[in-house]
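S.K.: So here's data-v8.cif, just mmCIF, C-alpha atoms:
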```cif
data_work
#
loop_
_atom_site.label_atom_id
_atom_site.label_comp_id
_atom_site.auth_asym_id
_atom_site.auth_seq_id
_atom_site.Cartn_x
_atom_site.Cartn_y
_atom_site.Cartn_z
CA MET A 1 33.19 55.66 116.48
CA ASN A 2 30.18 53.47 115.73
CA PHE A 3 28.84 52.83 112.28
CA SER A 4 25.74 55.06 112.42
CA GLY A 5 27.93 57.91 113.69
CA PHE A 6 30.18 57.31 110.69
CA LEU A 7 27.22 57.41 108.29
CA GLY A 8 26.07 60.67 109.91
CA LEU A 9 29.50 62.20 109.22
CA VAL A 10 29.52 60.95 105.62
CA SER A 11 26.17 62.63 105.03
CA GLN A 12 27.66 65.88 106.35
CA TRP A 13 30.65 65.58 104.01
CA GLN A 14 28.55 64.36 101.11
CA PRO A 15 28.03 67.68 99.22
CA GLN A 16 31.72 68.60 99.37
CA LEU A 17 32.95 65.10 98.51
CA ALA A 18 30.50 64.81 95.60
CA MET A 19 31.74 68.13 94.24
CA ALA A 20 35.36 67.05 94.63
CA THR A 21 34.69 63.69 92.97
CA LEU A 22 33.27 65.54 89.97
CA GLN A 23 36.45 67.64 89.82
CA THR A 24 38.54 64.48 89.93
CA VAL A 25 36.54 62.93 87.09
CA GLU A 26 36.76 66.17 85.12
CA MET A 27 40.53 66.35 85.62
CA ALA A 28 41.00 62.71 84.61
CA GLY A 29 38.72 63.04 81.58
CA LEU A 30 40.29 66.25 80.28
CA SER A 31 43.85 65.03 80.72
CA PHE A 32 43.07 61.67 79.13
CA ILE A 33 41.53 63.26 76.02
CA LEU A 34 44.48 65.66 75.71
CA ALA A 35 46.95 62.82 76.27
CA ALA A 36 45.23 60.64 73.66
CA VAL A 37 45.64 63.38 71.03
CA LEU A 38 49.17 64.44 72.08
CA GLY A 39 50.21 60.79 72.21
CA LEU A 40 49.26 60.36 68.57
CA GLY A 41 51.66 63.19 67.73
CA VAL A 42 54.41 61.52 69.78
CA ALA A 43 53.82 58.19 68.03
CA PHE A 44 53.94 59.70 64.52
CA ALA A 45 57.07 61.65 65.45
CA ARG A 46 58.75 58.47 66.71
CA ILE A 47 58.07 56.48 63.53
CA SER A 48 58.83 59.47 61.31
CA LYS A 49 61.56 59.19 58.64
CA ASN A 50 62.82 62.59 59.81
CA GLN A 51 65.64 61.53 62.15
CA THR A 52 65.67 64.76 64.20
CA LEU A 53 61.95 64.52 64.88
CA ALA A 54 62.14 60.81 65.74
CA HIS A 55 65.06 61.45 68.07
CA ALA A 56 63.36 64.39 69.80
CA ALA A 57 60.26 62.27 70.41
CA TRP A 58 62.44 59.50 71.86
CA VAL A 59 64.19 61.93 74.25
CA PHE A 60 60.81 63.34 75.31
CA THR A 61 59.47 59.86 76.05
CA GLU A 62 62.58 58.85 78.03
CA ILE A 63 62.54 62.01 80.15
CA ILE A 64 58.83 61.78 80.93
CA ARG A 65 58.92 58.07 81.70
CA GLY A 66 62.07 58.48 83.81
CA THR A 67 60.68 61.09 86.22
CA PRO A 68 57.78 60.96 88.71
CA ILE A 69 54.49 62.65 87.87
CA LEU A 70 54.82 64.58 91.13
CA VAL A 71 58.12 66.12 90.02
CA GLN A 72 56.64 66.95 86.61
CA LEU A 73 53.77 68.75 88.32
CA PHE A 74 56.25 70.64 90.53
CA VAL A 75 58.26 71.72 87.48
CA ILE A 76 55.14 72.92 85.66
CA TYR A 77 53.39 74.58 88.61
CA PHE A 78 56.24 75.92 90.78
CA GLY A 79 58.87 75.96 88.04
CA LEU A 80 56.84 78.08 85.63
CA GLY A 81 55.65 80.16 88.58
CA GLY A 82 59.30 80.73 89.53
CA ILE A 83 60.12 82.29 86.16
CA GLY A 84 57.03 84.51 86.23
CA ILE A 85 54.46 82.39 84.39
CA PRO A 86 51.80 81.60 87.02
CA ILE A 87 49.09 79.14 85.96
CA PRO A 88 46.12 77.88 88.01
CA ALA A 89 46.82 74.62 89.84
CA PHE A 90 43.99 72.77 88.09
CA ASP A 91 45.31 73.73 84.64
CA ALA A 92 48.86 72.84 85.64
CA ALA A 93 47.62 69.43 86.81
CA VAL A 94 45.74 68.77 83.56
CA ALA A 95 48.77 69.88 81.52
CA GLY A 96 51.15 67.71 83.57
CA LEU A 97 48.96 64.63 83.45
CA ALA A 98 48.35 65.09 79.70
CA ILE A 99 52.07 65.42 78.93
CA ASN A 100 52.92 62.46 81.17
CA TYR A 101 50.33 60.15 79.65
CA ALA A 102 51.07 61.34 76.10
CA ALA A 103 54.49 59.70 76.49
CA TYR A 104 52.97 56.39 77.63
CA LEU A 105 50.13 56.41 75.10
CA GLY A 106 52.62 57.36 72.37
CA GLU A 107 54.45 54.09 73.05
CA VAL A 108 51.15 52.17 73.05
CA TYR A 109 50.17 53.68 69.68
CA ARG A 110 53.61 53.05 68.21
CA ALA A 111 53.52 49.41 69.25
CA GLY A 112 50.00 49.15 67.81
CA ILE A 113 50.98 50.67 64.47
CA GLU A 114 54.12 48.53 64.22
CA SER A 115 52.14 45.39 65.01
CA ILE A 116 50.23 45.70 61.72
CA ASP A 117 51.69 43.46 59.04
CA ARG A 118 54.04 45.19 56.55
CA GLY A 119 52.10 43.62 53.72
CA GLN A 120 49.14 45.84 54.52
CA ARG A 121 51.15 49.00 53.86
CA GLU A 122 52.85 47.52 50.80
CA ALA A 123 49.51 46.47 49.33
CA ALA A 124 48.10 49.97 49.92
CA GLN A 125 51.14 51.54 48.27
CA SER A 126 50.93 49.19 45.32
CA ILE A 127 47.41 50.39 44.55
CA GLY A 128 48.71 53.96 44.67
CA MET A 129 47.67 55.15 48.15
CA GLU A 130 49.97 57.73 49.70
CA TYR A 131 51.31 57.70 53.30
CA TRP A 132 48.57 59.52 55.22
CA LEU A 133 45.77 57.87 53.28
CA THR A 134 47.27 54.45 54.05
CA MET A 135 47.58 55.42 57.70
CA ARG A 136 44.05 56.69 57.96
CA LEU A 137 42.21 54.00 56.02
CA ILE A 138 44.37 50.89 56.41
CA ILE A 139 46.79 51.00 59.37
CA LEU A 140 45.02 53.02 62.08
CA PRO A 141 41.66 51.17 61.96
CA GLN A 142 43.50 47.88 62.45
CA ALA A 143 45.83 49.31 65.09
CA LEU A 144 42.83 50.56 67.05
CA ARG A 145 41.87 46.98 67.92
CA VAL A 146 45.33 46.38 69.37
CA VAL A 147 45.55 49.72 71.13
CA LEU A 148 42.14 50.08 72.73
CA PRO A 149 42.46 47.58 75.63
CA PRO A 150 45.80 48.96 76.97
CA MET A 151 44.50 52.49 76.41
CA THR A 152 41.51 51.97 78.66
CA ASN A 153 43.88 50.57 81.26
CA TYR A 154 45.70 53.92 81.26
CA LEU A 155 42.37 55.58 81.98
CA ILE A 156 42.37 53.79 85.35
CA PHE A 157 45.96 54.90 86.01
CA ILE A 158 45.24 58.52 85.11
CA LEU A 159 42.25 58.52 87.47
CA GLN A 160 44.56 57.45 90.30
CA ASP A 161 47.28 59.90 89.38
CA THR A 162 44.89 62.85 89.62
CA SER A 163 45.29 62.35 93.39
CA VAL A 164 48.92 63.49 93.07
CA ALA A 165 47.63 66.87 91.88
CA SER A 166 46.45 67.52 95.45
CA LEU A 167 50.14 68.06 96.31
CA ILE A 168 50.20 71.16 94.10
CA SER A 169 46.85 72.09 95.71
CA ALA A 170 44.77 71.50 92.59
CA PRO A 171 41.10 71.17 93.58
CA GLU A 172 40.10 67.49 93.49
CA LEU A 173 39.06 64.68 95.82
CA MET A 174 42.29 64.21 97.81
CA LEU A 175 42.72 67.93 98.49
CA ARG A 176 39.10 68.33 99.61
CA THR A 177 39.48 65.26 101.85
CA ARG A 178 42.56 66.79 103.46
CA ASP A 179 40.71 70.06 104.06
CA LEU A 180 37.77 68.22 105.64
CA SER A 181 40.19 66.20 107.72
CA SER A 182 41.68 69.33 109.28
CA GLU A 183 38.16 70.62 109.90
CA TYR A 184 36.59 67.49 111.44
CA PHE A 185 39.70 65.76 112.92
CA THR A 186 38.57 62.37 111.62
CA PRO A 187 41.41 61.47 109.24
CA PHE A 188 40.83 57.70 109.35
CA GLU A 189 37.14 57.89 108.37
CA LEU A 190 37.76 60.57 105.75
CA TYR A 191 40.67 58.94 103.94
CA LEU A 192 38.88 55.62 104.04
CA THR A 193 35.84 57.29 102.43
CA ALA A 194 38.08 58.82 99.77
CA GLY A 195 39.61 55.37 99.17
CA ALA A 196 36.12 53.92 98.75
CA ILE A 197 35.24 56.61 96.20
CA TYR A 198 38.42 55.96 94.20
CA PHE A 199 37.72 52.23 94.39
CA THR A 200 34.16 52.66 93.10
CA LEU A 201 35.33 54.81 90.18
CA GLY A 202 38.31 52.59 89.39
CA TYR A 203 36.45 49.31 89.68
CA SER A 204 33.66 50.50 87.37
CA LEU A 205 36.32 51.49 84.86
CA SER A 206 38.07 48.14 85.16
CA LEU A 207 34.79 46.35 84.44
CA LEU A 208 34.55 48.49 81.31
CA VAL A 209 38.12 47.49 80.42
CA GLN A 210 37.25 43.81 80.76
CA LEU A 211 34.25 44.29 78.51
CA ILE A 212 36.38 46.01 75.86
CA GLU A 213 39.08 43.37 76.11
CA LYS A 214 36.54 40.61 75.61
CA GLN A 215 35.07 42.48 72.64
CA PHE A 216 38.42 43.02 70.98
CA SER A 217 40.43 39.92 71.71
CA SER A 218 40.44 37.37 68.93
CA ALA A 219 40.97 33.69 69.79
CA ARG A 220 43.64 33.47 72.49
CA ARG A 221 45.92 30.67 73.48
CA THR A 222 44.51 28.52 76.23
CA PRO A 223 46.45 29.22 79.43
CA ALA A 224 48.25 26.40 81.24
CA PHE A 225 46.04 25.99 84.27
CA ILE A 226 44.81 29.21 85.77
CA LEU A 227 42.10 31.70 84.86
CA HIS A 228 39.26 29.29 85.48
CA MET B 1 74.36 77.85 100.20
CA THR B 2 76.68 76.72 97.43
CA LEU B 3 75.82 74.43 94.55
CA ALA B 4 77.92 71.71 96.19
CA ASN B 5 75.81 71.88 99.37
CA ILE B 6 72.60 71.63 97.34
CA LEU B 7 73.92 68.61 95.44
CA ILE B 8 75.01 66.88 98.66
CA LEU B 9 71.56 67.41 100.22
CA LEU B 10 69.84 66.01 97.13
CA LEU B 11 72.28 63.10 97.06
CA GLU B 12 71.40 62.25 100.67
CA GLY B 13 67.75 62.30 99.66
CA ALA B 14 68.51 60.05 96.69
CA VAL B 15 70.04 57.46 99.02
CA THR B 16 66.84 57.42 101.08
CA THR B 17 64.80 57.16 97.86
CA ILE B 18 66.81 54.10 96.84
CA TRP B 19 66.29 52.49 100.27
CA LEU B 20 62.57 53.15 100.13
CA THR B 21 62.47 51.64 96.64
CA ILE B 22 64.37 48.50 97.67
CA GLY B 23 62.24 48.06 100.79
CA THR B 24 59.02 48.46 98.81
CA LEU B 25 60.19 46.05 96.10
CA ILE B 26 61.04 43.35 98.66
CA VAL B 27 57.78 43.66 100.60
CA SER B 28 55.61 43.84 97.48
CA LEU B 29 57.37 40.86 95.85
CA ILE B 30 56.82 38.68 98.92
CA LEU B 31 53.22 39.80 99.38
CA GLY B 32 52.58 39.67 95.63
CA MET B 33 53.85 36.09 95.34
CA ALA B 34 51.68 35.04 98.28
CA ILE B 35 48.62 36.56 96.62
CA THR B 36 49.53 34.93 93.31
CA ALA B 37 49.66 31.59 95.13
CA LEU B 38 46.09 32.23 96.29
CA ALA B 39 45.08 33.38 92.81
CA ILE B 40 46.14 30.08 91.18
CA SER B 41 44.84 27.90 94.00
CA ARG B 42 42.40 25.04 93.33
CA PHE B 43 40.04 26.41 95.96
CA GLY B 44 37.49 28.93 94.76
CA VAL B 45 37.36 30.78 98.08
CA LEU B 46 41.09 31.52 97.98
CA ARG B 47 40.89 32.65 94.37
CA ALA B 48 37.99 34.95 95.22
CA LEU B 49 40.05 36.36 98.10
CA ALA B 50 42.96 37.09 95.78
CA TYR B 51 40.61 38.66 93.22
CA CYS B 52 39.13 40.98 95.85
CA TYR B 53 42.57 41.99 97.09
CA VAL B 54 43.83 42.79 93.59
CA GLN B 55 40.74 44.77 92.59
CA LEU B 56 40.66 46.69 95.84
CA PHE B 57 44.30 47.72 95.99
CA ARG B 58 44.75 48.33 92.27
CA CYS B 59 42.04 50.99 92.32
CA VAL B 60 43.08 53.04 95.38
CA PRO B 61 45.76 55.68 94.69
CA VAL B 62 49.11 55.44 96.49
CA ILE B 63 48.60 58.78 98.20
CA THR B 64 45.22 57.73 99.63
CA MET B 65 46.74 54.49 101.00
CA LEU B 66 49.62 56.48 102.46
CA PHE B 67 47.31 59.00 104.16
CA ILE B 68 45.09 56.25 105.59
CA ILE B 69 48.20 54.68 107.14
CA TYR B 70 50.07 57.79 108.22
CA PHE B 71 47.24 60.14 109.26
CA GLY B 72 44.38 57.66 109.76
CA LEU B 73 45.86 54.76 111.71
CA PRO B 74 47.21 56.87 114.65
CA ALA B 75 43.55 57.65 115.44
CA MET B 76 43.11 53.87 115.78
CA GLY B 77 46.17 53.66 118.03
CA ILE B 78 48.68 52.46 115.42
CA ARG B 79 51.56 54.85 114.87
CA LEU B 80 54.11 54.28 112.11
CA ASP B 81 56.91 56.62 111.03
CA SER B 82 56.85 58.19 107.56
CA ALA B 83 59.30 55.74 105.94
CA ALA B 84 57.49 52.65 107.26
CA SER B 85 54.12 54.11 106.22
CA ALA B 86 55.50 54.78 102.74
CA ILE B 87 56.88 51.25 102.33
CA ILE B 88 53.64 49.65 103.52
CA GLY B 89 51.41 52.03 101.55
CA LEU B 90 53.36 51.46 98.34
CA SER B 91 53.64 47.70 98.88
CA LEU B 92 49.91 47.08 99.36
CA GLY B 93 49.21 48.40 95.87
CA GLY B 94 52.48 46.99 94.56
CA ALA B 95 51.56 43.46 95.59
CA ALA B 96 48.34 43.73 93.58
CA ALA B 97 50.30 44.87 90.52
CA ILE B 98 52.81 42.04 90.94
CA CYS B 99 50.01 39.51 91.24
CA VAL B 100 48.58 40.71 87.91
CA VAL B 101 52.00 40.39 86.25
CA LEU B 102 52.82 36.94 87.66
CA ARG B 103 49.38 35.52 86.97
CA SER B 104 49.41 36.58 83.34
CA ALA B 105 52.98 35.28 82.92
CA LEU B 106 51.95 31.89 84.33
CA GLY B 107 48.87 31.99 82.12
CA ALA B 108 51.02 32.60 79.04
CA VAL B 109 52.68 29.18 79.36
CA PRO B 110 50.75 26.81 77.05
CA ARG B 111 48.37 24.38 78.72
CA GLY B 112 50.06 21.35 77.16
CA GLN B 113 53.11 21.94 79.37
CA MET B 114 51.12 21.26 82.52
CA GLU B 115 49.33 18.30 80.99
CA ALA B 116 52.59 16.75 79.80
CA ALA B 117 54.18 17.20 83.23
CA LYS B 118 51.20 15.57 84.91
CA ALA B 119 51.28 12.71 82.37
CA LEU B 120 54.86 12.10 83.49
CA GLY B 121 53.56 11.71 87.04
CA MET B 122 54.67 15.06 88.41
CA THR B 123 52.59 16.59 91.18
CA ARG B 124 50.96 19.96 90.50
CA TRP B 125 53.49 21.78 92.69
CA MET B 126 56.47 20.00 91.12
CA ALA B 127 55.24 20.79 87.61
CA LEU B 128 54.69 24.39 88.64
CA ARG B 129 58.20 24.69 90.06
CA GLU B 130 60.16 22.68 87.50
CA ILE B 131 58.24 23.24 84.26
CA ILE B 132 55.90 26.23 84.39
CA MET B 133 57.85 28.76 86.48
CA PRO B 134 61.13 28.61 84.51
CA GLN B 135 59.13 29.43 81.38
CA ALA B 136 57.08 32.14 83.10
CA TRP B 137 59.96 34.17 84.62
CA PRO B 138 61.35 35.48 81.31
CA ILE B 139 57.80 36.60 80.36
CA ALA B 140 57.33 38.34 83.71
CA LEU B 141 60.70 40.08 83.67
CA ALA B 142 59.90 43.11 81.48
CA PRO B 143 56.70 44.06 83.34
CA LEU B 144 58.46 43.45 86.69
CA GLY B 145 61.23 45.79 85.56
CA ASN B 146 58.67 48.44 84.68
CA PHE B 147 57.12 47.92 88.08
CA ALA B 148 60.51 48.51 89.75
CA ILE B 149 60.98 51.79 87.87
CA GLY B 150 57.40 52.78 88.69
CA THR B 151 58.11 52.11 92.37
CA LEU B 152 61.21 54.31 92.28
CA LYS B 153 59.09 57.14 90.89
CA TYR B 154 56.17 56.65 93.27
CA THR B 155 58.42 56.88 96.35
CA SER B 156 58.28 60.63 95.58
CA ILE B 157 54.75 60.57 97.07
CA ALA B 158 56.34 59.78 100.46
CA SER B 159 57.45 63.43 100.55
CA ALA B 160 53.81 64.26 101.37
CA VAL B 161 54.22 62.67 104.81
CA GLY B 162 57.73 64.04 105.31
CA ALA B 163 59.85 60.97 104.56
CA PRO B 164 63.37 62.41 104.04
CA GLU B 165 63.68 61.26 100.42
CA ILE B 166 64.87 63.34 97.50
CA THR B 167 61.60 65.12 96.62
CA TYR B 168 61.15 66.16 100.25
CA LYS B 169 64.72 67.49 100.38
CA ALA B 170 64.09 69.44 97.19
CA GLN B 171 60.94 70.96 98.71
CA LEU B 172 62.93 72.05 101.77
CA LEU B 173 65.56 73.63 99.51
CA VAL B 174 62.87 75.51 97.58
CA GLN B 175 61.39 76.83 100.83
CA ASN B 176 64.80 78.15 101.88
CA LEU B 177 66.21 79.39 98.60
CA TYR B 178 63.15 80.45 96.55
CA LYS B 179 64.65 78.93 93.43
CA SER B 180 61.85 76.56 92.49
CA THR B 181 62.59 76.33 88.74
CA GLU B 182 66.27 75.41 89.09
CA ILE B 183 65.86 73.02 91.99
CA TYR B 184 62.91 71.10 90.57
CA ILE B 185 64.69 70.68 87.23
CA MET B 186 67.73 69.39 89.14
CA LEU B 187 65.39 67.03 90.99
CA ALA B 188 64.05 65.69 87.69
CA GLY B 189 67.67 65.20 86.58
CA PHE B 190 68.42 63.16 89.69
CA TYR B 191 65.43 60.90 89.01
CA LEU B 192 66.62 60.38 85.43
CA LEU B 193 70.09 59.48 86.75
CA MET B 194 68.44 56.77 88.85
CA SER B 195 65.76 55.47 86.48
CA LEU B 196 67.62 55.39 83.15
CA PRO B 197 70.47 53.10 84.35
CA MET B 198 67.80 50.94 85.98
CA ALA B 199 65.93 50.63 82.68
CA ARG B 200 69.18 49.84 80.88
CA GLY B 201 70.08 47.17 83.44
CA ILE B 202 66.68 45.53 83.16
CA ARG B 203 66.97 45.41 79.37
CA VAL B 204 70.38 43.71 79.64
CA ILE B 205 69.06 41.05 82.05
CA GLU B 206 66.04 40.52 79.81
CA ARG B 207 68.20 39.96 76.74
CA ARG B 208 70.40 37.51 78.63
CA LEU B 209 67.43 35.52 79.95
CA ASN B 210 65.81 35.35 76.54
CA ARG B 211 69.00 34.01 75.03
CA LYS B 212 69.25 31.39 77.76
CA TYR B 213 65.74 30.11 77.25
CA ARG B 214 65.57 30.22 73.48
#
```
Please express the file's structure as structure tokens.

M.R.:
Amino acid sequence: MNFSGFLGLVSQWQPQLAMATLQTVEMAGLSFILAAVLGLGVAFARISKNQTLAHAAWVFTEIIRGTPILVQLFVIYFGLGGIGIPIPAFDAAVAGLAINYAAYLGEVYRAGIESIDRGQREAAQSIGMEYWLTMRLIILPQALRVVLPPMTNYLIFILQDTSVASLISAPELMLRTRDLSSEYFTPFELYLTAGAIYFTLGYSLSLLVQLIEKQFSSARRTPAFILH
Amino acid sequence: MTLANILILLLEGAVTTIWLTIGTLIVSLILGMAITALAISRFGVLRALAYCYVQLFRCVPVITMLFIIYFGLPAMGIRLDSAASAIIGLSLGGAAAICVVLRSALGAVPRGQMEAAKALGMTRWMALREIIMPQAWPIALAPLGNFAIGTLKYTSIASAVGAPEITYKAQLLVQNLYKSTEIYIMLAGFYLLMSLPMARGIRVIERRLNRKYR
């Protein structure tokens, strides 16, 4: 197929692909916001003095990080369906992605909180601040600087993982591409177009990540010879 | 079908999953090291090439890569079976991830090390091999281990093109037995049985390496 023929096809697919891209962005955005909030819960549970809670959060993290997102989506969508709790595929995908990324973000938050010098907490306690006040006013604002760059990285990963949701037939870009492919019989052109859309979204995000990293990194060590 | 039959089928799938993982790790390590070599080259064109590769393949989802190869390439006259498509599809993105890891590990070695080696009259390549790399490997190990576990999990995507790995076998079982809840929970259990020992093993190696280099 020549290039102008290809462009003609893309313009035919354009309304459907644009719609599907919006669904992908919506799915990624919703799951990331949910994961960011859930992850905070996981992090506080893991550093909690309550041993049962800390242990439960650890088990949760290990199970989620030890199994593929695809299998988690299968368990939520087909598993819950199998015991008589049917949920729409899109909701199942958002729930699965949010739970999955809550485990990863929980670890990021925990590392961020633990990276803050002990003296900060001790100083806050010595002037009579209690636990949550210390967290909110002293620890978390400082941890945010540490946490933000890796967090935005996970935004790129979650965008890519929304494509897995097509395998439980949740409406997003990959599923729509597959439908179009069985309608037009041009799989190569279609999947390449989908790849280009994911690349455009992902690359814009990674530029944002670089900007944030530059903003938040304090003086670094000079590397040995690369990174010109 | 008895429980034993189900377990044997899943176990067969697990063996294929492990082979796919090993194949992908080997191909992506080789390709990833080659791209890292470009990324640290003295020539700007080669570095730009490596940058483009990494950006391109880091941003395209595994499943899209896999579908381009498995469903798209036959239209161009290139036909690969599902396992080969999966290994190539996973490795293209994997190499980009490995390049990021290796480059930042090399970058974490202080600049003075290279300068000192050059002051002693070592060539750039010698210094890289004898001085920089031995210090960079322990730094790269933890992220490489995470990459290996990530690869194991992402081989599950190969089920979408019918590679006979464990997730595909589980899907077949669900189609025949209509017991989606039980079988998918068993499937998750199988993945844990593979990934948790892997994580443990990587931690042991890491601790040993750190002791050696401290």

S.K.: Check which residues satisfy the PyMOL selection byres ((chain A) within 7 of (chain B)) in the file shown, then give them as an MDAnalysis selection string.

M.R.: chainID A and resid 63 66:68 70:71 74:75 78:80 82:83 160:161 163:164 187:188 191:192 195 198:199 202:203 222:226

S.K.: As a PyMOL selection string, please: the residues near Ile26 of chain B (cut-off 12 Å, all atoms listed in the file, same-chain neighbours under 6 positions excluded).

M.R.: chain B and resi 19-20+32-33+87-88+90-92+94-95+98+148+151

S.K.: Using the chain letters and numbers from this file, what does the PyMOL selection byres ((chain A and resi 17) around 12) select? Give the answer as number ranges by chain.

M.R.: A: 9-16, 18-24, 171-181, 190-191, 193-198

S.K.: With only C-alpha atoms as the counted atoms, please give the residues lying no more than 6 Å from segment 164-166 of chain B, apart from itself and same-chain residues fewer than 3 positions off, as a list of chain:residue names.

M.R.: B:Leu10, B:Gly13, B:Ala14, B:Thr16, B:Thr17, B:Lys169

S.K.: What does the PyMOL selection byres ((chain A and resi 111) around 12) select in this file, as a PyMOL selection string?

M.R.: chain A and resi 40+43-44+46-47+104-110+112-117+140+143-148+150-151

S.K.: Rounded to one decimal, what separation in Å do you get between atom CA of Ile156 of chain A and atom CA of Phe32 of chain A?

M.R.: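 Those two atoms sit 10.1 Å apart.
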
S.K.: Work out how far apart atom CA of Thr186 of chain A and atom CA of Ala163 of chain B are and give it in Å to one decimal.

M.R.: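 Between these atoms lies a distance of 22.5 Å.
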
S.K.: So what do you get for atom CA of Ala97 of chain B versus atom CA of Ala140 of chain B, distance-wise?

M.R.: 11.8 Å

S.K.: Given all atoms listed in the file as the basis, pick out the residue of B:Gly121, B:Gly77, B:Gly23, B:Pro143 nearest to Gly89 of chain B.

M.R.: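 Checking each of B:Gly121, B:Gly77, B:Gly23, B:Pro143 against Gly89 of chain B, counting all atoms listed in the file, the winner is B:Gly23.
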
S.K.: Take every atom of segment 96-100 of chain B listed in the file, fit an axis-aligned box around them, add 4 Å per side, and give the centre and edge lengths in Å to one decimal as AutoDock Vina command-line options.

M.R.:
```
--center_x 50.6 --center_y 42.2 --center_z 90.7 --size_x 12.5 --size_y 13.4 --size_z 13.7
```
